[in-house]
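Encoded as structure tokens, the structure appears first; notes follow it.
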Amino acid sequence: MAYYYTTLLAILPFVLPLLIAWGAVALTRYYKLQSAIRAHGCKPARFLPQWDPIWGLDAAVQMFRSYGLGNRSAIFKEQHATYGPTFLSIALGKIRIFTIDPSIFNTDFQSWGVQPLRLATWSPLLGPGVMDTDGAHWKFSRDLVQPLFRREQISDLSQFAVYVDRMIGNIPLDNSTIDMQPLFARLILDFTMDFLFGVSSETLTSTPDQDAMDFLHAFHYTQGAIGKRTQLPYLTVFTTERFKDSCVMAGSFVDKYIERARERLSQPKDDGNQRYILADELLRKNISSNELRSQLLNVFLAAHDTTAVLLTNTIFNLARHPQIYQKLRAQILEAKDVPTQFYKLKRFKYLQDVVTETSRLTPVVGQSARIALKDTTIPRGGGKSGDAPIYVQKGTSVQFNYFALHRRTEVYGKDPETFRPSRWDNLKIGTWDFLPFSGGPRVCPANQMAFMQVCYTIARIAQNFSTLDNRDPVFEFIEQYRITTDSKNGCKVALKAI
């Protein structure tokens with residue numbers, strides 16, 4: 001025992017100054033933080049009750065279980081109903097802010113980002129690009145993407161209509177059951193590859209491209225994995241061989257289409273083709289092969305998943321409300337033809353209301369997150385009344401729940417759980433009350449194209465099929481969380497031809 005006391009006394013002169021210095025730094029940081037909080041008039045938000053308020057293991061377990069049960073968004077909605085628009089929670093030792101207060105979108109854009117949340121977990125599949133970076137790299141990627149979705153690029157749906165015709169040809173005419181979810185995924189895959197690379201993947205033909213089908217399966221699998229890794233970053237240590245192989249497969253598939261685009265560019269140019277093809281523009285720039293692949297995969301995610309999921313969810317809702325489908329069909333048939341021009345398609349108001357109501361009730365993305373890139377504030381959510389600003393330290397993430405945002409009774413009426421397109425006839429909503437494609441500078445770049453493609457496809461289905469019946473024994477929407485929020489049970493329906 002004497003030996004241990006002697007050893008302790010010997011090292012104490014060295015250890016004690018370090019402890020004092022550490023304590024002084026900690027106290028200085030604490031007082032600076034408190035001073036900043038007082039200077040901004042901030043107050044703490046309400047904490048979610050937890051049996052583990054230190055590490056938040058209960059929150060992590062609940063989150064993980066919700067993936068399997070398909071009720072992740074519903075849990076957050078109930079928590080907001082109980083604890084208010086903004087509250088705090090601890091998961092795996094980190095404080096997170098959960099909010100459905102749209103005022104966060106009015107804050108300084110430069111203070112918030114996604115790269116610390118996404119890049120490490122998304123990059124095995126996507127690499128750095130418009131979806132998972134901040135700052136100069138994000139701006140570079142965004143500038144590349146914007147011309148792709150200009151009005152003149154997306155205003156004519158004639159090329160898209162070719163793929164819709166093929167898709168309709170894959171729907172059985174004998175009123176037998178079909179899952180429309182994978183069929184929509186193939187439709188948007190074929191068009192998106194044509195849109196981005198100038199060469200289609202051809203999965204809707206009589207002999208589907210097997211490489212393209214394998215890519216689609218691999219892409220969906222990895223999306224599910226990185227969605228969970230984003231919410232629970234510690235899962236990255238459990239990377240499986242299937243995840244690694246799927247990421248490699250996705251990259252190899254895109255590389256093949258890059259080479260096809262390169263070969264096409266080497267041919268004499270067709271002066272009549274004025275399309276902005278992203279692969280072509282990237283090939284003309286002095287960037288590496290990895291950068292080229294990453295940029296294209298990032299845009300593919302935005303262009304493909306937004307449209308495919310919204311299509312699935314729209315048919316999912318219409319199949320469960322046949323009277324709405326018949327009303328929609330009557331209006332489509334009255335017009336005698338479905339136009340491929342953007343401005344003409346916008347005249348179908350009820351059709352737009354159906355798709356808009358789908359985006360409200362079953363949003364493509366149920367939740368998104370931002371992380372504070374520096375110390376900043378949120379305008380509201382603190383104090384007993386919730387009207388005081390909240391001080392947010394650098395590195396704190398804010399989770400924004402669109403599923404709950406779109407169900408506020410003070411905005412959408414007393415029946416927010418009901419699929420009712422007619423609510424949009426007289427609905428008055430603020431700029432930040434309805435965010436089906438997020439908001440601010442990071443709004444989904446493909447939002448207008450996706451919306452009009454969905455409207456056109458739904459109109460063509462209504463034009464060609466007299467009835468749309470639900471064939472799923474589960475009526476409720478059970479979510480499958482990937483990066484997007486898909487239907488876990490698919491979209492099993494029966495369509496009867498005219």
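The chains in the structure tokens are called A, B, ... from first to last as shown; in each chain the residues are counted from 1, and the ligands are counted from 1 in the order shown.
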Pull the closest atom pair for each residue of segment 269-330 of chain A that gets at most 12 Å from segment 238-250 of chain A, along with the distance in Å to one decimal, counting only C-alpha atoms, ordering rows by chain and then ascending residue number, as a tab-separated table.
```
residue	atom	partner	partner_atom	distance
A:Arg293	CA	A:Ala250	CA	10.0
A:Ser294	CA	A:Ala250	CA	10.9
A:Leu296	CA	A:Ala250	CA	11.4
A:Leu297	CA	A:Ala250	CA	8.7
A:Asn298	CA	A:Ala250	CA	11.9
A:Phe300	CA	A:Ala250	CA	11.3
A:Leu301	CA	A:Ala250	CA	11.7
```
- Item | Near-segment 378-393 of chain A list (12 Å; only C-alpha atoms; drop same-chain fewer than 5 positions) as a PyMOL selection string | chain A and resi 29-30+32-47+80+83-88+94-109+111-112+370-373+398
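A straight line drawn from atom CA of Lys496 of chain A to atom CA of Asp174 of chain A is 6.5 Å long.
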- Message: Quick one: residues within 12 Å of segment 210-221 of chain A, only C-alpha atoms, excluding same-chain residues fewer than 5 positions away - as a VMD selection string?
- Response: chain A and resid 122 124 to 126 182 to 190 193 200 to 205 226 to 228 240 242 to 257 297 to 298 300 to 301 304 to 305 308 to 309 480 to 486
- Find the residue from A:Gly395, A:Gly113, A:Gly413, A:Pro421 that sits nearest to Val130 of chain A; use only C-alpha atoms when measuring.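 Smallest separation from Val130 of chain A among the options: A:Gly113.
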Which residues of segment 160-207 of chain A sit at most 12 Å from segment 281-290 of chain A, using only C-alpha atoms? Give each one's shortest atom pair and distance in Å (one decimal place), in chain and ascending residue order, as JSON lines.
```
{"residue": "A:Leu196", "atom": "CA", "partner": "A:Glu281", "partner_atom": "CA", "distance": 10.0}
{"residue": "A:Phe197", "atom": "CA", "partner": "A:Glu281", "partner_atom": "CA", "distance": 10.0}
{"residue": "A:Gly198", "atom": "CA", "partner": "A:Glu281", "partner_atom": "CA", "distance": 11.4}
```
- Return the single residue from A:Ile258, A:Asn170, A:Arg151, A:Thr340 that is closest to Gln448 of chain A, with distances computed using only C-alpha atoms.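 So, comparing all the options, the nearest one is A:Arg151.
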